[in-house]
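Asks: Have a look at the structure that comes next, please.
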Amino acid sequence: MLRQKLQQLRDVLPHMRMTLLRTLLVLSLSTALVAVIAGCASTKRNVPAQNTSPERTIVWPAPPDEPRVAYERSVLQPSDLGATISGFKRAMNRFTGATKGNEAFLRPFGIALDESDNLCLTDTGANTVSFYDQSRRRWQSWEGAGKIRFAAPVAVAKRGELIYVADSSLAKVIVFGIDGKLRFELQEHIQRPSGLVISGERLYVADAQQHTIVVFDLHGKFVSSFGQRGVGEGEFNFPSHMAADKAGQIYVTDSMNNRIQVFNRDGVFRTQIGSAGNAPGYFGRPKGVAVDPSGHIYVLDAVFDNIQVFDDKGRLLLQLGRSGSEPGEWWLPNAIAIGRDHRIYVTDSYNHRVQILQYVGNQ
């Protein structure tokens, strides 16, 4: 009897092993599938929402008031602009030190438009500087110029073939051509560059460590400087971002004094906009500043995650956006640039995107 039972057990063991293997395989595949689904869901949650519905319109102010500014789109990578790069140019970029230029933005930070409204962008997550030729739809991106590698490119400006980059970690302004070749560096008179703007034939550099504005010509020759640390007119407490209007006035974000200061081209104080507070018309932490062709002044606030628009007298006209990741919402916006066509570009840094708005009001 015992021998017969042992023989029966030997007969069923292969079937038991096969059943066990099948069960383990099913469990393994199920676990992998759950992991993939969870990973996809997690990735999706980290991607900012996009305005893909043609019926959805985001405007400020909200209806029934007449709209003044409309949301246009969000850009998370160069291809969202329709940017292309040829195989030959990609090879040349590798040769000159440029990256291939089609990766998603990590932390878009500084932004500017040149005289033809072509886009310049810095990314402090990737430590790159990029240039987008709007008419040719060509995107170029550099990790450095010559033997210099960008460490913290926080601001950018462009005139002609030259790109000017403020690198706060390297404590210098780096100037290179769109061919990627280094032209010159600005290091004397500068300790911690934080903002740049070109007006006329001058380059204005905000220095956050010296609490001053340093002025050069476009060939790198020192011209002058103005400002010192303080709270009075023409004094600064960590100046950061800069802008210029068509009359040549210079707008400086006096960040820790919670205001925008306005100067003529020679650094003579004209007026200020805003002060510390949490009501409309006041600032928590002002960041980027820009002036549109109609003279409206746009100021980003990284505490309230909004944009406030003022007239040339400093009177509040409009507020745009709020905290969040949906279209028209912001998460630590940093810099802003406005084109001749009233198109508005904002680096929405921690949403890893650039949002584009359009002024649609009466000019």
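All residue names refer to the structure tokens as shown: chains lettered A, B, ... in order, residues numbered from 1 in each chain, ligands numbered from 1 in order.
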Using only C-alpha atoms, find each residue in segment 243-354 of chain A having at least one atom no more than 12 Å away from segment 198-214 of chain A; report its shortest atom-to-atom pair and that distance in Å (one decimal), rows by chain then rising number, as a tab-separated table.
Replies:
residue	atom	partner	partner_atom	distance
A:Ala243	CA	A:Ile198	CA	8.2
A:Ala244	CA	A:Ser199	CA	6.3
A:Asp245	CA	A:Ser199	CA	8.2
A:Lys246	CA	A:Ser199	CA	8.5
A:Ala247	CA	A:Ser199	CA	9.2
A:Gly248	CA	A:Ser199	CA	6.1
A:Gln249	CA	A:Ser199	CA	8.3
A:Ile250	CA	A:Ser199	CA	8.1
A:Tyr251	CA	A:Tyr204	CA	10.4
A:Val252	CA	A:Ala206	CA	7.9
A:Thr253	CA	A:Ala206	CA	9.1
A:Asp254	CA	A:His211	CA	9.0
A:Ser255	CA	A:Ala208	CA	9.5
A:Met256	CA	A:Ala208	CA	10.4
A:Asn257	CA	A:His211	CA	11.4
A:Gln261	CA	A:Ile213	CA	11.7
A:Phe263	CA	A:Ile213	CA	10.8
A:Asn264	CA	A:Ser199	CA	10.7
A:Arg265	CA	A:Ser199	CA	8.0
A:Asp266	CA	A:Arg202	CA	10.3
A:Gly267	CA	A:Ile213	CA	8.4
A:Val268	CA	A:Ile213	CA	11.6
Asks: Kindly export the residues of the current selection with C-alpha atoms, as a CSV table (one decimal), in the first residue's frame.
Replies:
chain,number,residue,atom,x,y,z
A,243,ALA,CA,13.6,95.5,-18.4
A,244,ALA,CA,13.7,98.6,-20.7
A,245,ASP,CA,10.9,100.4,-22.5
A,246,LYS,CA,11.0,102.0,-25.9
A,247,ALA,CA,11.9,105.4,-24.4
A,248,GLY,CA,15.1,103.9,-22.9
A,249,GLN,CA,13.9,103.8,-19.3
A,250,ILE,CA,15.3,101.0,-17.1
A,251,TYR,CA,13.1,99.0,-14.8
A,252,VAL,CA,14.8,97.1,-11.9
A,253,THR,CA,13.2,94.6,-9.6
A,254,ASP,CA,14.3,95.6,-6.2
A,255,SER,CA,13.4,92.3,-4.8
A,256,MET,CA,13.9,92.5,-1.0
A,257,ASN,CA,12.5,96.1,-1.0
A,261,GLN,CA,12.3,101.1,-9.5
A,263,PHE,CA,15.5,105.0,-13.9
A,264,ASN,CA,16.5,107.0,-17.0
A,265,ARG,CA,19.3,105.6,-19.2
A,266,ASP,CA,21.9,107.3,-17.0
A,267,GLY,CA,20.7,105.8,-13.8
A,268,VAL,CA,18.7,108.8,-12.5
Asks: Tyr298 of chain A: which residues within 10 Å, counting only C-alpha atoms, same-chain residues fewer than 6 positions away excluded, as a PyMOL selection string?
Replies: chain A and resi 288-292+307-311+316-320+336-338+344
Asks: Would you pick out the contacts of Glu185 of chain A at 6 Å or less, using only C-alpha atoms, so that residues sharing its chain but fewer than 3 positions from it are not included, and give the list as a list in words?
Replies: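 Within the cut-off, the hits are Val173, Ile174 and Val175 of chain A.
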Asks: Since we have the selection now, will you write its residues out, keeping N, CA and C atoms, as a PDB file, in the first residue's frame?
Replies:
ATOM      1  N   VAL A 173      29.611  87.742 -16.772  1.00  0.00           N
ATOM      2  CA  VAL A 173      28.734  87.748 -17.935  1.00  0.00           C
ATOM      3  C   VAL A 173      29.533  87.175 -19.094  1.00  0.00           C
ATOM      4  N   ILE A 174      28.989  86.159 -19.720  1.00  0.00           N
ATOM      5  CA  ILE A 174      29.660  85.458 -20.810  1.00  0.00           C
ATOM      6  C   ILE A 174      29.003  85.890 -22.118  1.00  0.00           C
ATOM      7  N   VAL A 175      29.820  86.263 -23.090  1.00  0.00           N
ATOM      8  CA  VAL A 175      29.311  86.752 -24.371  1.00  0.00           C
ATOM      9  C   VAL A 175      29.836  85.836 -25.477  1.00  0.00           C
TER      10      VAL A 175
END
Asks: Enumerate as an MDAnalysis selection string all residues of segment 168-356 of chain A assigned to strand (DSSP E) by DSSP on the backbone, naming them with the chain letters and numbers the document uses.
Replies: chainID A and resid 172:177 182:186 193:199 202:207 212:217 222:226 239:244 250:254 259:263 269:273 286:291 297:301 306:310 316:320 333:338 343:348 353:356
Asks: Using only C-alpha atoms, which residue out of A:Gly324, A:Gly160, A:Gly274, A:Pro61 lies closest to Val360 of chain A?
Replies: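 Smallest separation from Val360 of chain A among the options: A:Pro61.
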Asks: Counting only C-alpha atoms, which of A:Gly232, A:Gly110, A:Gly339, A:Gly220 gets nearest to Ala157 of chain A?
Replies: A:Gly110
Asks: As an exercise, work out the distance from atom CA of Tyr71 of chain A to atom CA of His342 of chain A in Å and give it to one decimal place.
Replies: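 Result for atom CA of Tyr71 of chain A versus atom CA of His342 of chain A: 12.4 Å, one decimal.
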Asks: Leaving out Lys158 of chain A and any residue of its chain fewer than 4 positions from it, which residues lie within 12 Å of it when counting only C-alpha atoms, given as a PyMOL selection string?
Replies: chain A and resi 111-121+129-132+162-166+174-178+196-199+201-203+218
Asks: Mind dumping a table of every segment 102-162 of chain A residue within 10 Å of segment 73-76 of chain A, with the nearest atom pair and its distance in Å to one decimal, using only C-alpha atoms, sorted by chain and rising number, as a Markdown table?
Replies:
| residue | atom | partner | partner_atom | distance |
| --- | --- | --- | --- | --- |
| A:Glu103 | CA | A:Leu76 | CA | 8.9 |
| A:Ala104 | CA | A:Leu76 | CA | 5.7 |
| A:Phe105 | CA | A:Leu76 | CA | 5.8 |
| A:Leu106 | CA | A:Leu76 | CA | 8.8 |
| A:Pro108 | CA | A:Leu76 | CA | 9.3 |
Asks: Go ahead and save the residues from that selection, with C-alpha atoms, as a PDB file, in the first residue's frame.
Replies:
ATOM      1  CA  GLU A 103      14.888  67.767 -24.551  1.00  0.00           C
ATOM      2  CA  ALA A 104      12.066  68.769 -22.209  1.00  0.00           C
ATOM      3  CA  PHE A 105      12.765  71.836 -20.097  1.00  0.00           C
ATOM      4  CA  LEU A 106      13.980  71.151 -16.562  1.00  0.00           C
ATOM      5  CA  PRO A 108      13.367  77.373 -17.522  1.00  0.00           C
TER       6      PRO A 108
END
Asks: Can you tell me which residues surround Ala152 of chain A at a distance of at most 10 Å, considering only C-alpha atoms, apart from same-chain residues fewer than 2 positions away, and format the answer as an mmCIF file with N, CA and C atoms, in the first residue's frame?
Replies:
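The file below, selection.cif, is the result:
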data_model
loop_
_atom_site.group_PDB
_atom_site.id
_atom_site.type_symbol
_atom_site.label_atom_id
_atom_site.label_comp_id
_atom_site.auth_asym_id
_atom_site.auth_seq_id
_atom_site.Cartn_x
_atom_site.Cartn_y
_atom_site.Cartn_z
ATOM 1 N N PHE A 109 14.330 79.470 -16.795
ATOM 2 C CA PHE A 109 14.563 80.511 -15.787
ATOM 3 C C PHE A 109 14.614 81.908 -16.387
ATOM 4 N N THR A 122 17.237 80.551 -20.741
ATOM 5 C CA THR A 122 18.196 79.802 -19.931
ATOM 6 C C THR A 122 17.437 78.756 -19.121
ATOM 7 N N ASP A 123 18.108 77.647 -18.858
ATOM 8 C CA ASP A 123 17.535 76.556 -18.066
ATOM 9 C C ASP A 123 18.532 76.230 -16.964
ATOM 10 N N THR A 124 18.200 76.588 -15.721
ATOM 11 C CA THR A 124 19.123 76.361 -14.609
ATOM 12 C C THR A 124 19.071 74.929 -14.100
ATOM 13 N N GLY A 125 18.112 74.131 -14.599
ATOM 14 C CA GLY A 125 18.117 72.711 -14.279
ATOM 15 C C GLY A 125 19.115 71.957 -15.145
ATOM 16 N N ALA A 126 19.192 72.327 -16.418
ATOM 17 C CA ALA A 126 20.125 71.701 -17.353
ATOM 18 C C ALA A 126 21.400 72.507 -17.528
ATOM 19 N N ASN A 127 21.421 73.756 -16.997
ATOM 20 C CA ASN A 127 22.536 74.685 -17.172
ATOM 21 C C ASN A 127 22.844 74.890 -18.665
ATOM 22 N N THR A 128 21.805 75.245 -19.400
ATOM 23 C CA THR A 128 21.938 75.490 -20.828
ATOM 24 C C THR A 128 21.398 76.876 -21.175
ATOM 25 N N ARG A 149 31.969 76.367 -19.126
ATOM 26 C CA ARG A 149 30.713 75.627 -18.990
ATOM 27 C C ARG A 149 29.806 76.399 -18.042
ATOM 28 N N PHE A 150 28.579 76.613 -18.468
ATOM 29 C CA PHE A 150 27.642 77.351 -17.632
ATOM 30 C C PHE A 150 27.396 76.609 -16.327
ATOM 31 N N VAL A 154 21.414 82.584 -15.229
ATOM 32 C CA VAL A 154 20.159 83.082 -14.667
ATOM 33 C C VAL A 154 19.472 84.136 -15.522
ATOM 34 N N ALA A 155 20.208 84.747 -16.446
ATOM 35 C CA ALA A 155 19.614 85.800 -17.264
ATOM 36 C C ALA A 155 20.298 85.818 -18.621
ATOM 37 N N VAL A 165 25.083 86.289 -21.385
ATOM 38 C CA VAL A 165 24.550 85.404 -20.350
ATOM 39 C C VAL A 165 25.116 85.797 -18.991
ATOM 40 N N ALA A 166 24.241 86.070 -18.038
ATOM 41 C CA ALA A 166 24.667 86.305 -16.657
ATOM 42 C C ALA A 166 24.702 84.974 -15.927
ATOM 43 N N ASP A 167 25.889 84.574 -15.476
ATOM 44 C CA ASP A 167 26.041 83.334 -14.723
ATOM 45 C C ASP A 167 26.394 83.695 -13.284
ATOM 46 N N SER A 168 25.425 83.525 -12.387
ATOM 47 C CA SER A 168 25.628 83.992 -11.005
ATOM 48 C C SER A 168 26.655 83.155 -10.267
ATOM 49 N N SER A 169 26.793 81.888 -10.622
ATOM 50 C CA SER A 169 27.772 81.038 -9.950
ATOM 51 C C SER A 169 29.191 81.330 -10.423
ATOM 52 N N LEU A 170 29.361 81.581 -11.712
ATOM 53 C CA LEU A 170 30.681 81.909 -12.242
ATOM 54 C C LEU A 170 31.060 83.368 -11.973
ATOM 55 N N ALA A 171 30.086 84.170 -11.541
ATOM 56 C CA ALA A 171 30.300 85.589 -11.220
ATOM 57 C C ALA A 171 30.821 86.361 -12.425
ATOM 58 N N SER A 194 22.748 89.058 -11.716
ATOM 59 C CA SER A 194 21.451 88.406 -11.536
ATOM 60 C C SER A 194 20.448 88.782 -12.620
#
Asks: Using only C-alpha atoms, which residue out of A:Arg136, A:Lys221, A:Arg183, A:Arg68 lies closest to Asn362 of chain A?
Replies: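 Using only C-alpha atoms, the shortest distance to Asn362 of chain A belongs to A:Arg68.
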Asks: Neighbouring residues of Ile58 of chain A were defined as those with any atom within 10 Å, considering only C-alpha atoms; residues of the same chain fewer than 5 positions away were excluded. Please report them as a ChimeraX atom specification.
Replies: /A:51,63,67,69-72,321,327-328,357
Asks: What does the file look like for those residues with all heavy atoms, as a compact mmCIF listing (two decimals), in the first residue's frame?
Replies:
# COMPACT_ATOMS: atom_id res chain seq x y z
N ASN A 51 -3.77 73.04 -22.34
CA ASN A 51 -5.05 73.50 -22.86
C ASN A 51 -5.24 72.93 -24.27
O ASN A 51 -4.93 73.56 -25.27
CB ASN A 51 -5.08 75.03 -22.90
CG ASN A 51 -6.41 75.55 -23.39
OD1 ASN A 51 -7.42 74.84 -23.35
ND2 ASN A 51 -6.41 76.79 -23.84
N PRO A 63 -15.03 86.87 -18.10
CA PRO A 63 -16.32 87.41 -18.54
C PRO A 63 -17.21 87.72 -17.34
O PRO A 63 -17.06 87.08 -16.30
CB PRO A 63 -16.89 86.28 -19.39
CG PRO A 63 -15.70 85.47 -19.81
CD PRO A 63 -14.73 85.56 -18.67
N PRO A 67 -12.11 91.13 -22.37
CA PRO A 67 -10.79 90.52 -22.14
C PRO A 67 -9.66 91.44 -22.56
O PRO A 67 -9.77 92.21 -23.53
CB PRO A 67 -10.83 89.26 -23.03
CG PRO A 67 -11.84 89.57 -24.08
CD PRO A 67 -12.87 90.43 -23.42
N VAL A 69 -6.13 90.08 -21.81
CA VAL A 69 -5.04 89.12 -22.05
C VAL A 69 -5.64 87.73 -22.18
O VAL A 69 -6.54 87.37 -21.41
CB VAL A 69 -4.00 89.15 -20.90
CG1 VAL A 69 -2.91 88.10 -21.13
CG2 VAL A 69 -3.39 90.54 -20.76
N ALA A 70 -5.13 86.94 -23.14
CA ALA A 70 -5.62 85.59 -23.37
C ALA A 70 -4.47 84.59 -23.29
O ALA A 70 -3.35 84.88 -23.74
CB ALA A 70 -6.30 85.49 -24.74
N TYR A 71 -4.76 83.43 -22.71
CA TYR A 71 -3.80 82.33 -22.71
C TYR A 71 -3.69 81.76 -24.11
O TYR A 71 -4.70 81.54 -24.79
CB TYR A 71 -4.26 81.24 -21.73
CG TYR A 71 -3.50 79.94 -21.84
CD1 TYR A 71 -2.31 79.76 -21.14
CD2 TYR A 71 -3.98 78.89 -22.63
CE1 TYR A 71 -1.62 78.56 -21.22
CE2 TYR A 71 -3.29 77.69 -22.72
CZ TYR A 71 -2.11 77.54 -22.02
OH TYR A 71 -1.41 76.35 -22.10
N GLU A 72 -2.46 81.53 -24.56
CA GLU A 72 -2.26 80.98 -25.89
C GLU A 72 -1.85 79.51 -25.85
O GLU A 72 -2.51 78.65 -26.41
CB GLU A 72 -1.22 81.80 -26.65
CG GLU A 72 -1.06 81.41 -28.10
CD GLU A 72 -0.14 82.34 -28.84
OE1 GLU A 72 -0.51 83.52 -29.03
OE2 GLU A 72 0.96 81.90 -29.25
N GLY A 321 -3.64 85.04 -13.39
CA GLY A 321 -3.23 83.75 -12.89
C GLY A 321 -3.28 83.58 -11.39
O GLY A 321 -3.63 84.49 -10.64
N PRO A 327 -3.25 75.41 -17.24
CA PRO A 327 -2.95 76.56 -18.09
C PRO A 327 -3.37 77.87 -17.40
O PRO A 327 -4.43 77.96 -16.81
CB PRO A 327 -3.80 76.29 -19.34
CG PRO A 327 -3.92 74.81 -19.38
CD PRO A 327 -4.01 74.37 -17.95
N GLY A 328 -2.51 78.85 -17.48
CA GLY A 328 -2.80 80.13 -16.86
C GLY A 328 -2.55 80.17 -15.37
O GLY A 328 -2.87 81.16 -14.71
N LEU A 357 1.19 84.02 -23.53
CA LEU A 357 -0.06 84.75 -23.47
C LEU A 357 -0.09 85.77 -24.59
O LEU A 357 0.94 86.05 -25.22
CB LEU A 357 -0.23 85.45 -22.11
CG LEU A 357 0.11 84.65 -20.85
CD1 LEU A 357 -0.03 85.55 -19.60
CD2 LEU A 357 -0.76 83.42 -20.71
Asks: Select from segment 62-184 of chain A everything DSSP, run on the backbone, classes as alpha helix (DSSP H), then give the selection as a list in words.
Replies: Gly87, Phe88, Lys89, Arg90, Ala91, Met92, Asn93, Arg94, Phe95 and Thr96 of chain A
Asks: Hey, which of A:Phe222, A:Phe236, A:Gln77, A:Arg107 ends up closest to Trp331 of chain A? Count only C-alpha atoms.
Replies: A:Arg107
Asks: Report the distance between atom CA of Ala279 of chain A and atom CA of Val231 of chain A in Å, rounded to one decimal place.
Replies: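 Distance between the two atoms: 20.9 Å.
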